[in-house]
Amino acid sequence: MKKNIALLFLLNLFLVQAQENITYQKPSAEILALAEYERAPSVSMDTKKEYMLLSYRNTYKTLDDLNQEEMRLGGLRINPITNISSTVTYINNLKIRKIAAKDEVQVSGLPSNARLTNISWSPDEKKIAFTNTTNSGVELWYIDVATVTAKKITSDNLNANLGSPYNWMKDNETLLVKVLPKNRPALINEKKDLPKGPTVSVSDGSKSQNRTYQDLLKNKNDEANFDALVTSELYKISLAGNAELFKSAAIYAGESFSPDGNYLMLTTIQKPYSYIVPMSRFPQKSIVYDTAGREIKVVNEVPLTEIMPKGFSSVRKGKRSMSWRADKPATLVFAEALDEGDQAKKVDFRDEIFQWNAPFENAPSSMMKTQQRFGGISWGNDTFAIAYDSWYDTRNTKTYMVNPSNPNETPKIISDRNSQDIYSDPGNFETKKNEYGTYVIATENGNAFLMGDGYTKDGQFPFIDELNLKTLKTKRLYTSNSKDKKEDLLSIEDFKKGDVLVMIQSKNDYPNYYFRNIKSGKLTPITTFKNPFESIKNVYKEVIKYKRKDGVDLSGTLYLPANYDRTKKEKLPLLIWAYPAEFKDKNSAGQSDKNPNEFTFPSYGSFVYWVTKGYAVLDDASFPIIGEGKTEPNDTFITQLIDDAEAAINAVDNLGYINRKKVAVGGHSYGAFMTANLLSHSNLFACGIARSGAYNRTLTPFGFQSEQRNYWDVPAVYNEMSPFMNADKMKTPLLLVHGDADNNPGTFTLQSERYFQALKGLGAPVRLVLLPKESHGYAAKDNILHLLWEQDQFLEKYLKN
């Protein structure tokens, strides 16, 4: 008891910290050479595969990019000057290439100092719209694909604070655009505008258990600023720039045209707002209009959702998942919970799925009921659709073939499996555009087609299956069996000829696009991106498989230095990078999705850099946490964590490559939480690196990760799993890193600051690095290079030497 009181006292104890005023540092030459790579362009293709759009952006952001004006309201981070998310990553150049040609063509007429985003092809795929952010706002542009020329449509008065500010209309000549209101009120400056009263929060006695959210509204000033920032007017704007007001000012959170283009469903945010949940849980109203703006029907009203039934499989009451049926001109589809949204209730059916035909003069009609929680529908035609349901607690998922025209016809189960069992995954249905320009399941001669990742106990072998819609039997059409390449199957381009769009890579070959003829095997290259990491092309890479002491199969990707002699077996220091994952059965936990032929891409977040400095690296090591039956995974979290770590070290040590007294462990977010626990409860590691983690689970009292129980249900589990509560056990050197503007639920920057204070107060060897302006993931070049330097210096001091 005294120990716990002392630790809790540390929460409010201001300790004198020995801070270093250091300037930004760069890592060693070997690491810097990898970190300063040139990013290859991203690729987008039209559905006919005639043209490809190549988009270019800088490898990293700058500190100035992160140092823009920012307001954090309702779960959003907004730049109030430019009216777009402050976290957006911009593109700075665009090129177009005919796929049959060899060279790309620079898009002419692009804005100077381009900051481009929200790229979207027109329905006929002859034009491409995008937004450009100036110093004062967001403007709309488009590209004529045939002439490869860009033209500006609007001034920089768009409102992109809720995402893309435009939608293409079916005529391919007009866009529905969110524009800043002409009478927009000035923002309240909290430093100058004094509050008119206190902020009061009230509980009426009802349970309201929510995860720990960031960036919430806090007071009436926040509400007023939220209103001002996210309110828009809707305009129809032609490619020539002619504008016509379509709808007056409101908070438009969703705009969706019916497949035939004759109806538009608008979803708006309503009051009252909440100070305990983000905007996605605020009240909403959905209304369908015709293209002239006349109201047809209020189709849904969602109340403020602060209170949710407990559990991941619980949902709110009322209509949800409302969307247009892809194979019909104008039919809405939605789900309603038959258990009042509460997963604890015992019922035969959880959800009922309804259809509702425009103009919505008749009541919605039932289409089917699901035994578990509804998970969506892939549409085919009048008599054929594929529906999905799942149940989080059991990890079960079912796939059904449904007759949408006959609710009395019993759905046929195509697949009934554990969603975590990747070896049994039947794949995803191939789709194609229909006459409305929407995607439906592709069929040929009464067959549909499934494309799967093809994970097996023997490796990864992606496949294409033909599913007969009458017999529901499958026939294997193609299996990728390459031993030194990884082939991803992207889309079937010609069913009769057997042409398939694929992406192929190896550990040394950058991912590139190809056409594969699955009948002849012929491979036609589309792109030829070069490997930007030539300096590590000769490192040794292998997926190793091993067992935990309870028999669970584990795996990891092992890297060894390029000049390492695997016969002499010099003893190397080992770095382990991992992220724990919860499972409900040992079989699924033991399955591997690692492929040794995956391109070696040393992103800032990985340990792969250090293979150039003479370290062995075990990347993405398996750290399953298993809870079978009524036992929850976290009931034995610490024990399993240590067993996972010990198995990983033993596996590499048994190969003869490492000095097991020189092993470090690292992780980001939940991986950081893992790292702190391993250093606190075991003697396996010489040091550890924990980035942007949460270390005190009493600060996330209503659940975290897959944990559905709250703190008061299982206080012992929360306390035992909290490194902060066990700070007195920490004796191993630890590098703590956190972005000082973390936006991830639960991983407030405060988590690292208070954990550091506790460790420092108790005499543990620890270093805390706060990266300025960074969120949960790190983006600015100066910060990333300094992060690599910090990690390099730390490992040289506490591990290598």
# chains A, B, ... in the order shown; residues from 1 in each chain; ligands from 1
$ residues_around --residues "Glu104 (chain A)" --least-positions-apart "2" --cutoff "12 Å" --atoms "only C-alpha atoms" --output "list in words"
Pro41, Val43, Tyr51, Met52, Leu53, Leu54, Ser55, Leu94, Lys95, Ile96, Arg97, Lys98, Ile99, Ala100, Ala101, Lys102, Gln106, Val107, Val148, Ile526, Thr527 and Thr528 of chain A
$ write_last_selection --atoms "N, CA and C atoms" --output "mmCIF file, in the first residue's frame"
data_model
loop_
_atom_site.group_PDB
_atom_site.id
_atom_site.type_symbol
_atom_site.label_atom_id
_atom_site.label_comp_id
_atom_site.auth_asym_id
_atom_site.auth_seq_id
_atom_site.Cartn_x
_atom_site.Cartn_y
_atom_site.Cartn_z
ATOM 1 N N PRO A 41 7.530 8.067 -56.751
ATOM 2 C CA PRO A 41 6.165 8.585 -56.844
ATOM 3 C C PRO A 41 5.123 7.531 -56.500
ATOM 4 N N VAL A 43 1.366 5.929 -57.440
ATOM 5 C CA VAL A 43 0.744 5.680 -58.739
ATOM 6 C C VAL A 43 -0.764 5.483 -58.576
ATOM 7 N N TYR A 51 -4.252 5.231 -68.597
ATOM 8 C CA TYR A 51 -3.396 6.284 -68.084
ATOM 9 C C TYR A 51 -3.012 5.984 -66.637
ATOM 10 N N MET A 52 -1.874 6.513 -66.250
ATOM 11 C CA MET A 52 -1.464 6.460 -64.864
ATOM 12 C C MET A 52 -1.032 7.855 -64.421
ATOM 13 N N LEU A 53 -1.407 8.201 -63.198
ATOM 14 C CA LEU A 53 -1.024 9.467 -62.594
ATOM 15 C C LEU A 53 0.080 9.202 -61.585
ATOM 16 N N LEU A 54 1.194 9.901 -61.717
ATOM 17 C CA LEU A 54 2.304 9.766 -60.793
ATOM 18 C C LEU A 54 2.364 11.019 -59.923
ATOM 19 N N SER A 55 2.305 10.835 -58.622
ATOM 20 C CA SER A 55 2.312 11.970 -57.696
ATOM 21 C C SER A 55 3.587 11.936 -56.860
ATOM 22 N N LEU A 94 2.911 16.531 -60.207
ATOM 23 C CA LEU A 94 2.114 15.491 -60.852
ATOM 24 C C LEU A 94 2.594 15.273 -62.280
ATOM 25 N N LYS A 95 2.633 14.008 -62.670
ATOM 26 C CA LYS A 95 2.939 13.648 -64.054
ATOM 27 C C LYS A 95 1.943 12.594 -64.511
ATOM 28 N N ILE A 96 1.718 12.514 -65.810
ATOM 29 C CA ILE A 96 0.793 11.530 -66.389
ATOM 30 C C ILE A 96 1.529 10.735 -67.455
ATOM 31 N N ARG A 97 1.219 9.456 -67.501
ATOM 32 C CA ARG A 97 1.820 8.613 -68.527
ATOM 33 C C ARG A 97 0.781 7.682 -69.108
ATOM 34 N N LYS A 98 0.772 7.566 -70.421
ATOM 35 C CA LYS A 98 -0.004 6.485 -71.020
ATOM 36 C C LYS A 98 0.681 5.177 -70.659
ATOM 37 N N ILE A 99 -0.097 4.226 -70.190
ATOM 38 C CA ILE A 99 0.512 2.984 -69.733
ATOM 39 C C ILE A 99 1.256 2.278 -70.863
ATOM 40 N N ALA A 100 0.771 2.455 -72.087
ATOM 41 C CA ALA A 100 1.435 1.815 -73.227
ATOM 42 C C ALA A 100 2.712 2.534 -73.629
ATOM 43 N N ALA A 101 2.899 3.771 -73.123
ATOM 44 C CA ALA A 101 4.095 4.546 -73.452
ATOM 45 C C ALA A 101 5.196 4.277 -72.430
ATOM 46 N N LYS A 102 6.386 4.813 -72.697
ATOM 47 C CA LYS A 102 7.522 4.576 -71.806
ATOM 48 C C LYS A 102 7.774 5.748 -70.862
ATOM 49 N N GLN A 106 5.097 15.711 -67.878
ATOM 50 C CA GLN A 106 4.860 16.670 -66.807
ATOM 51 C C GLN A 106 3.514 17.376 -67.013
ATOM 52 N N VAL A 107 2.700 17.432 -65.967
ATOM 53 C CA VAL A 107 1.445 18.177 -66.052
ATOM 54 C C VAL A 107 1.788 19.659 -66.108
ATOM 55 N N VAL A 148 -2.924 16.847 -70.679
ATOM 56 C CA VAL A 148 -1.994 16.893 -69.536
ATOM 57 C C VAL A 148 -1.804 18.343 -69.076
ATOM 58 N N ILE A 526 5.185 -2.224 -66.231
ATOM 59 C CA ILE A 526 4.516 -0.928 -66.375
ATOM 60 C C ILE A 526 5.394 0.185 -65.823
ATOM 61 N N THR A 527 5.941 -0.021 -64.610
ATOM 62 C CA THR A 527 6.827 0.965 -64.005
ATOM 63 C C THR A 527 8.201 0.350 -63.769
ATOM 64 N N THR A 528 9.207 1.210 -63.601
ATOM 65 C CA THR A 528 10.592 0.732 -63.390
ATOM 66 C C THR A 528 11.259 1.575 -62.300
#
$ residues_around --residues "Pro745 (chain A)" --least-positions-apart "6" --cutoff "10 Å" --atoms "only C-alpha atoms" --output "number ranges by chain"
A: 75, 211-215, 694, 700, 704, 776
$ write_last_selection --atoms "C-alpha atoms" --output "PDB file, in the first residue's frame"
ATOM      1  CA  GLY A  75     -11.062  15.459 -32.372  1.00  0.00           C
ATOM      2  CA  ARG A 211     -11.855   5.536 -24.433  1.00  0.00           C
ATOM      3  CA  THR A 212      -9.369   8.334 -23.758  1.00  0.00           C
ATOM      4  CA  TYR A 213      -9.755  10.782 -26.666  1.00  0.00           C
ATOM      5  CA  GLN A 214      -7.539  13.716 -27.648  1.00  0.00           C
ATOM      6  CA  ASP A 215      -8.342  17.226 -28.883  1.00  0.00           C
ATOM      7  CA  ALA A 694       1.326   4.867 -22.614  1.00  0.00           C
ATOM      8  CA  THR A 700      -6.877   4.922 -19.888  1.00  0.00           C
ATOM      9  CA  PHE A 704      -7.076   0.134 -24.351  1.00  0.00           C
ATOM     10  CA  HIS A 776       1.974  10.147 -32.775  1.00  0.00           C
TER      11      HIS A 776
END
$ closest_residue --among "A:Asp728, A:Glu753, A:Asp713, A:Asp553" --to "Asp644 (chain A)" --atoms "only C-alpha atoms"
A:Asp553
$ residues_around --residues "Ile422 (chain A)" --least-positions-apart "5" --cutoff "12 Å" --atoms "only C-alpha atoms" --output "PyMOL selection string"
chain A and resi 395+417+427+452-457+459-460+587-594
$ write_last_selection --atoms "N, CA and C atoms" --output "PDB file, in the first residue's frame"
ATOM      1  N   ARG A 395     -13.907 -13.674 -32.436  1.00  0.00           N
ATOM      2  CA  ARG A 395     -13.139 -13.433 -33.672  1.00  0.00           C
ATOM      3  C   ARG A 395     -13.730 -14.204 -34.858  1.00  0.00           C
ATOM      4  N   ARG A 417     -15.283 -18.661 -40.412  1.00  0.00           N
ATOM      5  CA  ARG A 417     -13.906 -18.836 -39.994  1.00  0.00           C
ATOM      6  C   ARG A 417     -13.521 -17.861 -38.888  1.00  0.00           C
ATOM      7  N   GLY A 427      -9.951 -14.867 -49.422  1.00  0.00           N
ATOM      8  CA  GLY A 427      -9.656 -13.769 -50.332  1.00  0.00           C
ATOM      9  C   GLY A 427     -10.827 -12.810 -50.478  1.00  0.00           C
ATOM     10  N   GLY A 452      -6.678 -13.748 -53.126  1.00  0.00           N
ATOM     11  CA  GLY A 452      -6.237 -13.872 -51.747  1.00  0.00           C
ATOM     12  C   GLY A 452      -4.749 -13.668 -51.582  1.00  0.00           C
ATOM     13  N   ASP A 453      -4.360 -13.295 -50.350  1.00  0.00           N
ATOM     14  CA  ASP A 453      -2.938 -13.098 -50.042  1.00  0.00           C
ATOM     15  C   ASP A 453      -2.177 -14.416 -50.031  1.00  0.00           C
ATOM     16  N   GLY A 454      -2.871 -15.511 -49.722  1.00  0.00           N
ATOM     17  CA  GLY A 454      -2.254 -16.825 -49.825  1.00  0.00           C
ATOM     18  C   GLY A 454      -1.231 -17.157 -48.755  1.00  0.00           C
ATOM     19  N   TYR A 455      -1.454 -16.725 -47.527  1.00  0.00           N
ATOM     20  CA  TYR A 455      -0.540 -17.097 -46.445  1.00  0.00           C
ATOM     21  C   TYR A 455      -0.759 -18.559 -46.062  1.00  0.00           C
ATOM     22  N   THR A 456       0.340 -19.293 -45.921  1.00  0.00           N
ATOM     23  CA  THR A 456       0.296 -20.697 -45.519  1.00  0.00           C
ATOM     24  C   THR A 456       1.443 -20.950 -44.547  1.00  0.00           C
ATOM     25  N   LYS A 457       1.453 -22.151 -43.972  1.00  0.00           N
ATOM     26  CA  LYS A 457       2.545 -22.513 -43.057  1.00  0.00           C
ATOM     27  C   LYS A 457       3.874 -22.611 -43.795  1.00  0.00           C
ATOM     28  N   GLY A 459       4.727 -20.534 -46.352  1.00  0.00           N
ATOM     29  CA  GLY A 459       5.073 -19.261 -46.971  1.00  0.00           C
ATOM     30  C   GLY A 459       3.861 -18.599 -47.594  1.00  0.00           C
ATOM     31  N   GLN A 460       4.097 -17.543 -48.353  1.00  0.00           N
ATOM     32  CA  GLN A 460       3.008 -16.798 -48.975  1.00  0.00           C
ATOM     33  C   GLN A 460       2.914 -17.114 -50.461  1.00  0.00           C
ATOM     34  N   ASN A 587      -3.597 -21.349 -32.357  1.00  0.00           N
ATOM     35  CA  ASN A 587      -3.365 -21.654 -33.767  1.00  0.00           C
ATOM     36  C   ASN A 587      -3.197 -20.365 -34.575  1.00  0.00           C
ATOM     37  N   SER A 588      -4.111 -19.416 -34.391  1.00  0.00           N
ATOM     38  CA  SER A 588      -4.012 -18.151 -35.124  1.00  0.00           C
ATOM     39  C   SER A 588      -2.782 -17.365 -34.696  1.00  0.00           C
ATOM     40  N   ALA A 589      -2.490 -17.392 -33.401  1.00  0.00           N
ATOM     41  CA  ALA A 589      -1.341 -16.653 -32.883  1.00  0.00           C
ATOM     42  C   ALA A 589      -0.043 -17.142 -33.503  1.00  0.00           C
ATOM     43  N   GLY A 590       0.014 -18.410 -33.873  1.00  0.00           N
ATOM     44  CA  GLY A 590       1.239 -18.985 -34.403  1.00  0.00           C
ATOM     45  C   GLY A 590       1.410 -18.842 -35.889  1.00  0.00           C
ATOM     46  N   GLN A 591       0.477 -18.209 -36.579  1.00  0.00           N
ATOM     47  CA  GLN A 591       0.574 -18.063 -38.026  1.00  0.00           C
ATOM     48  C   GLN A 591       1.448 -16.865 -38.402  1.00  0.00           C
ATOM     49  N   SER A 592       2.113 -16.961 -39.527  1.00  0.00           N
ATOM     50  CA  SER A 592       3.055 -15.911 -39.945  1.00  0.00           C
ATOM     51  C   SER A 592       2.617 -15.269 -41.254  1.00  0.00           C
ATOM     52  N   ASP A 593       2.674 -13.931 -41.284  1.00  0.00           N
ATOM     53  CA  ASP A 593       2.400 -13.199 -42.530  1.00  0.00           C
ATOM     54  C   ASP A 593       3.661 -12.532 -43.065  1.00  0.00           C
ATOM     55  N   LYS A 594       4.818 -13.017 -42.647  1.00  0.00           N
ATOM     56  CA  LYS A 594       6.089 -12.428 -43.079  1.00  0.00           C
ATOM     57  C   LYS A 594       6.562 -13.083 -44.371  1.00  0.00           C
TER      58      LYS A 594
END
$ residues_around --residues "Glu173 (chain A)" --least-positions-apart "6" --cutoff "12 Å" --atoms "only C-alpha atoms" --output "NGL selection string"
:A and (121-129 or 142 or 144 or 153 or 167 or 236-242)
$ write_last_selection --atoms "N, CA and C atoms" --output "mmCIF file, in the first residue's frame"
data_model
loop_
_atom_site.group_PDB
_atom_site.id
_atom_site.type_symbol
_atom_site.label_atom_id
_atom_site.label_comp_id
_atom_site.auth_asym_id
_atom_site.auth_seq_id
_atom_site.Cartn_x
_atom_site.Cartn_y
_atom_site.Cartn_z
ATOM 1 N N TRP A 121 -10.287 11.214 -59.675
ATOM 2 C CA TRP A 121 -10.641 11.103 -61.094
ATOM 3 C C TRP A 121 -12.130 11.404 -61.273
ATOM 4 N N SER A 122 -12.481 11.982 -62.401
ATOM 5 C CA SER A 122 -13.888 12.199 -62.737
ATOM 6 C C SER A 122 -14.556 10.865 -63.039
ATOM 7 N N PRO A 123 -15.900 10.799 -62.992
ATOM 8 C CA PRO A 123 -16.573 9.525 -63.277
ATOM 9 C C PRO A 123 -16.194 8.903 -64.618
ATOM 10 N N ASP A 124 -15.973 9.737 -65.657
ATOM 11 C CA ASP A 124 -15.577 9.183 -66.958
ATOM 12 C C ASP A 124 -14.068 9.043 -67.090
ATOM 13 N N GLU A 125 -13.325 9.428 -66.048
ATOM 14 C CA GLU A 125 -11.870 9.273 -65.950
ATOM 15 C C GLU A 125 -11.112 10.037 -67.028
ATOM 16 N N LYS A 126 -11.719 11.123 -67.518
ATOM 17 C CA LYS A 126 -11.048 11.969 -68.489
ATOM 18 C C LYS A 126 -10.443 13.212 -67.850
ATOM 19 N N LYS A 127 -10.765 13.419 -66.579
ATOM 20 C CA LYS A 127 -10.265 14.579 -65.849
ATOM 21 C C LYS A 127 -9.875 14.140 -64.439
ATOM 22 N N ILE A 128 -9.022 14.917 -63.821
ATOM 23 C CA ILE A 128 -8.587 14.643 -62.446
ATOM 24 C C ILE A 128 -8.656 15.952 -61.677
ATOM 25 N N ALA A 129 -9.446 15.972 -60.602
ATOM 26 C CA ALA A 129 -9.539 17.162 -59.757
ATOM 27 C C ALA A 129 -8.567 17.045 -58.590
ATOM 28 N N TYR A 142 -8.266 21.310 -61.761
ATOM 29 C CA TYR A 142 -8.480 20.031 -62.446
ATOM 30 C C TYR A 142 -7.474 19.872 -63.572
ATOM 31 N N ASP A 144 -6.956 18.126 -67.389
ATOM 32 C CA ASP A 144 -7.472 17.446 -68.563
ATOM 33 C C ASP A 144 -6.457 16.364 -68.928
ATOM 34 N N ILE A 153 -9.981 26.296 -60.899
ATOM 35 C CA ILE A 153 -11.434 26.465 -60.990
ATOM 36 C C ILE A 153 -11.924 27.548 -60.040
ATOM 37 N N ASN A 167 -16.995 16.972 -54.466
ATOM 38 C CA ASN A 167 -17.410 15.701 -55.061
ATOM 39 C C ASN A 167 -17.741 15.933 -56.526
ATOM 40 N N LYS A 236 -22.581 24.353 -56.502
ATOM 41 C CA LYS A 236 -22.285 23.647 -57.735
ATOM 42 C C LYS A 236 -21.358 24.542 -58.543
ATOM 43 N N ILE A 237 -20.187 24.017 -58.889
ATOM 44 C CA ILE A 237 -19.213 24.822 -59.621
ATOM 45 C C ILE A 237 -18.788 24.059 -60.870
ATOM 46 N N SER A 238 -18.876 24.714 -62.023
ATOM 47 C CA SER A 238 -18.497 24.080 -63.283
ATOM 48 C C SER A 238 -16.994 24.153 -63.468
ATOM 49 N N LEU A 239 -16.458 23.370 -64.403
ATOM 50 C CA LEU A 239 -15.028 23.400 -64.692
ATOM 51 C C LEU A 239 -14.596 24.771 -65.201
ATOM 52 N N ALA A 240 -15.538 25.537 -65.720
ATOM 53 C CA ALA A 240 -15.230 26.894 -66.168
ATOM 54 C C ALA A 240 -15.225 27.892 -65.023
ATOM 55 N N GLY A 241 -15.628 27.429 -63.822
ATOM 56 C CA GLY A 241 -15.609 28.298 -62.649
ATOM 57 C C GLY A 241 -16.944 28.943 -62.329
ATOM 58 N N ASN A 242 -17.996 28.650 -63.087
ATOM 59 C CA ASN A 242 -19.313 29.214 -62.804
ATOM 60 C C ASN A 242 -19.903 28.564 -61.557
#
$ closest_atom_pairs --of "region 625-741 of chain A" --to "region 601-621 of chain A" --cutoff "8 Å" --atoms "only C-alpha atoms" --output "tab-separated table"
residue	atom	partner	partner_atom	distance
A:Ala648	CA	A:Ala621	CA	7.2
A:Tyr657	CA	A:Ala616	CA	7.8
A:Ile658	CA	A:Ala616	CA	7.4
A:His668	CA	A:Gly605	CA	7.8
$ residues_around --residues "Ser155 (chain A)" --least-positions-apart "4" --cutoff "12 Å" --atoms "only C-alpha atoms" --output "PyMOL selection string"
chain A and resi 131-134+136-141+151+159+177+179-180+237+241-243
$ residues_around --residues "region 542-550 of chain A" --least-positions-apart "4" --cutoff "8 Å" --atoms "only C-alpha atoms" --output "list in words"
Leu554, Ser555, Gly556, Thr557, Leu558, Tyr559, Lys594, Asn595, Pro596, Asp643, Asp644, Ala647, Ala648 and Ala651 of chain A
$ residues_around --residues "Tyr273 (chain A)" --least-positions-apart "6" --cutoff "10 Å" --atoms "only C-alpha atoms" --output "list in words"
Gly74, Leu217, Lys220, Glu223, Phe226, Met279, Arg281, Phe282, Pro283, Leu304, Thr305 and Glu306 of chain A
$ write_last_selection --atoms "N, CA and C atoms" --output "mmCIF file, in the first residue's frame"
data_model
loop_
_atom_site.group_PDB
_atom_site.id
_atom_site.type_symbol
_atom_site.label_atom_id
_atom_site.label_comp_id
_atom_site.auth_asym_id
_atom_site.auth_seq_id
_atom_site.Cartn_x
_atom_site.Cartn_y
_atom_site.Cartn_z
ATOM 1 N N GLY A 74 -12.901 19.076 -31.230
ATOM 2 C CA GLY A 74 -13.795 17.986 -31.600
ATOM 3 C C GLY A 74 -13.098 16.780 -32.185
ATOM 4 N N LEU A 217 -13.542 19.232 -27.499
ATOM 5 C CA LEU A 217 -14.054 20.541 -27.112
ATOM 6 C C LEU A 217 -13.992 20.672 -25.591
ATOM 7 N N LYS A 220 -17.460 26.775 -24.159
ATOM 8 C CA LYS A 220 -18.317 27.443 -25.146
ATOM 9 C C LYS A 220 -17.503 28.151 -26.223
ATOM 10 N N GLU A 223 -16.735 25.604 -28.727
ATOM 11 C CA GLU A 223 -17.919 25.299 -29.534
ATOM 12 C C GLU A 223 -18.106 26.340 -30.637
ATOM 13 N N PHE A 226 -15.423 25.884 -33.235
ATOM 14 C CA PHE A 226 -15.720 24.678 -34.004
ATOM 15 C C PHE A 226 -16.776 24.979 -35.057
ATOM 16 N N MET A 279 -16.110 14.544 -32.651
ATOM 17 C CA MET A 279 -17.168 14.953 -33.565
ATOM 18 C C MET A 279 -17.927 13.771 -34.158
ATOM 19 N N ARG A 281 -19.138 11.351 -32.852
ATOM 20 C CA ARG A 281 -20.230 10.909 -31.975
ATOM 21 C C ARG A 281 -21.229 12.033 -31.692
ATOM 22 N N PHE A 282 -21.076 13.189 -32.360
ATOM 23 C CA PHE A 282 -22.045 14.268 -32.218
ATOM 24 C C PHE A 282 -23.335 13.884 -32.964
ATOM 25 N N PRO A 283 -24.465 14.542 -32.648
ATOM 26 C CA PRO A 283 -25.712 14.257 -33.382
ATOM 27 C C PRO A 283 -25.559 14.533 -34.883
ATOM 28 N N LEU A 304 -26.839 12.375 -30.060
ATOM 29 C CA LEU A 304 -25.525 12.406 -29.422
ATOM 30 C C LEU A 304 -25.247 11.047 -28.797
ATOM 31 N N THR A 305 -24.077 10.495 -29.106
ATOM 32 C CA THR A 305 -23.755 9.148 -28.641
ATOM 33 C C THR A 305 -22.583 9.227 -27.673
ATOM 34 N N GLU A 306 -22.872 9.609 -26.450
ATOM 35 C CA GLU A 306 -21.857 9.603 -25.399
ATOM 36 C C GLU A 306 -21.826 8.259 -24.683
#
